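Enquirer: The structure under discussion is supplied below as structure tokens; questions concerning it will follow.
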Amino acid sequence: MIVAVIGSTGRTGRPLVAELLARGHSVRALVRDPAKLGDLATRVTTVTGDSRDPATLDHLLDGVDAVVSALGPTGKEPSLHTETARALLGAMHRAGITRFVGVSGAGIDIPGDQKSISGKLISRLIQTFGGDVVKDKLAEHRVYADSDIAWTLVRPPRLADGAATGRVEHDAHRSTRSTRITRGDLAAFLVDCLEQELYVRQAPFVATQR
Ligand SMILES: NC(=O)c1ccc[n+]([C@@H]2O[C@H](COP(=O)([O-])OP(=O)(O)OC[C@H]3O[C@@H](n4cnc5c(N)ncnc54)[C@H](OP(=O)(O)O)[C@@H]3O)[C@@H](O)[C@H]2O)c1
């Protein structure tokens, strides 16, 4: 597949790009600074710009089959995810692309969830003290849920730098037993969702097994 990657220079984005390339996909990577891709820069097509900019997204999506995002705010951008979602949906419609896989967070509640007691408690704390980022992720979910595309918003717990272990647990609505995931496992799971059409129009929890 030819895959557009948003957030490609981030701590999850770089292993995500590496995983896609390792599985034989071609990547069009949205970057603000191509140098941040390191050695990967020579192996992908880069498109420079902001994830909220329609013209940038039109360029990014030229000829691609699907979009995967590991976007995250790096400053005070209280509605980065929601604004990006709205702009991206417009660009996807214009380009005729229907598949999107992105990263949300385990602290977000979605109708149908069957969180454990500790999962509910952690979510309550995250929603109380998480500020704008958490509100933004809740709003982002509503934007995709109201759309007609085949979206998946993966909900990981705490991210830890580290390679893929290949040992992940995941479920559409039940909390994971583990409360952490390596960024390598998250990257691999995003690609699994893309390749295997997993959790379409759902927001699965995923974690590295304890
Ligand atoms: N930290 C946790 O424990 C945790 C838990 C659950 C979920 N999450 C979520 O997991 C996701 C990935 O996290 P991470 O720590 O791997 O992310 P990260 O290292 O902070 O990377 C964020 C990426 O988004 C890009 N970006 C930010 N604003 C942009 C804009 N306006 N236009 C284009 N690109 C932009 C950054 O580009 P630059 O390199 O140019 O800055 C970077 O590539 C985030 O959504 C985060 O909220 C995190």
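Ligands are numbered from 1 in the order shown, residues from 1 within each chain, and chains are lettered A, B, ... in the order they appear in the structure tokens.
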Might you pull out every residue within 7 Å of Thr152 (chain A), with only C-alpha atoms counted and same-chain residues fewer than 2 positions away left off, and present them as a list in words?
Expert: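 Using only C-alpha atoms, the neighbours found are Phe100, Val101, Gly102, Ala150, Val154, Tyr199, Val200, Arg201, Gln202 and Ala203 of chain A.
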Enquirer: Which residues sit within 9 Å of ligand 1, counting only C-alpha atoms and all ligand atoms, listed as a PyMOL selection string?
Expert: chain A and resi 6-14+30-34+36-37+48-53+69-75+77+80-81+84+102-107+133-134+137+154-161+180-181+183+186
Enquirer: Restricting the calculation to only C-alpha atoms, which member of A:Ala4, A:Leu89, A:Leu21, A:Val64 is positioned closest to Ala188 (chain A)?
Expert: A:Leu21
Enquirer: Distance CA of Arg142 (chain A)-CA of Thr82 (chain A), one decimal place?
Expert: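 We find that CA of Arg142 (chain A) and CA of Thr82 (chain A) lie 8.9 Å from each other.
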Enquirer: Quick one: residues within 10 Å of Thr98 (chain A), only C-alpha atoms, excluding same-chain residues fewer than 2 positions away - as an mmCIF file with C-alpha atoms, in the first residue's frame?
Expert:
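part.cif, written as the output of this step:
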```cif
data_model
loop_
_atom_site.group_PDB
_atom_site.id
_atom_site.type_symbol
_atom_site.label_atom_id
_atom_site.label_comp_id
_atom_site.auth_asym_id
_atom_site.auth_seq_id
_atom_site.Cartn_x
_atom_site.Cartn_y
_atom_site.Cartn_z
ATOM 1 C CA ASP A 65 -4.400 4.242 -0.253
ATOM 2 C CA ALA A 66 -4.817 5.038 3.451
ATOM 3 C CA VAL A 67 -3.791 7.392 6.259
ATOM 4 C CA LEU A 89 -11.804 14.258 6.449
ATOM 5 C CA MET A 92 -9.845 12.264 2.290
ATOM 6 C CA HIS A 93 -13.202 12.918 0.628
ATOM 7 C CA ALA A 95 -8.985 12.229 -2.683
ATOM 8 C CA GLY A 96 -11.500 9.365 -2.436
ATOM 9 C CA PHE A 100 -7.843 6.094 8.602
ATOM 10 C CA ASP A 148 -18.722 8.008 6.922
ATOM 11 C CA ILE A 149 -15.119 6.816 6.627
ATOM 12 C CA ALA A 150 -13.576 3.564 7.904
ATOM 13 C CA TRP A 151 -11.766 4.976 10.943
#
```
Enquirer: Write out as number ranges by chain which residues come within 10 Å of Arg177 (chain A) when counting only C-alpha atoms, dropping same-chain ones fewer than 4 positions away.
Expert: A: 116, 118-119, 169-170, 206-210
Enquirer: Now that the selection is made, can you save its residues with C-alpha atoms as an mmCIF file, in the first residue's frame?
Expert:
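Output below, filename part.cif:
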```cif
data_model
loop_
_atom_site.group_PDB
_atom_site.id
_atom_site.type_symbol
_atom_site.label_atom_id
_atom_site.label_comp_id
_atom_site.auth_asym_id
_atom_site.auth_seq_id
_atom_site.Cartn_x
_atom_site.Cartn_y
_atom_site.Cartn_z
ATOM 1 C CA SER A 116 -12.432 -2.330 34.865
ATOM 2 C CA SER A 118 -9.202 0.637 38.054
ATOM 3 C CA GLY A 119 -9.630 1.586 34.376
ATOM 4 C CA GLU A 169 -3.453 -7.566 24.307
ATOM 5 C CA HIS A 170 -6.308 -5.676 22.689
ATOM 6 C CA VAL A 206 -4.156 -2.071 23.267
ATOM 7 C CA ALA A 207 -1.225 -2.660 25.639
ATOM 8 C CA THR A 208 1.994 -4.631 25.876
ATOM 9 C CA GLN A 209 1.264 -7.765 27.896
ATOM 10 C CA ARG A 210 2.630 -7.828 31.429
#
```
Enquirer: Using only C-alpha atoms, find the one residue out of A:Ala139, A:Val68, A:Arg43, A:Val168 that sits nearest to Leu16 (chain A).
Expert: A:Val68
Enquirer: Based on DSSP run over this structure's backbone, return all residues of chain A in alpha helix (DSSP H), as number ranges by chain.
Expert: A: 13-22, 54-60, 80-95, 117-129, 132-145, 183-196
Enquirer: Separation of CA of Leu125 (chain A) and CA of Thr179 (chain A), in Å?
Expert: 14.3 Å
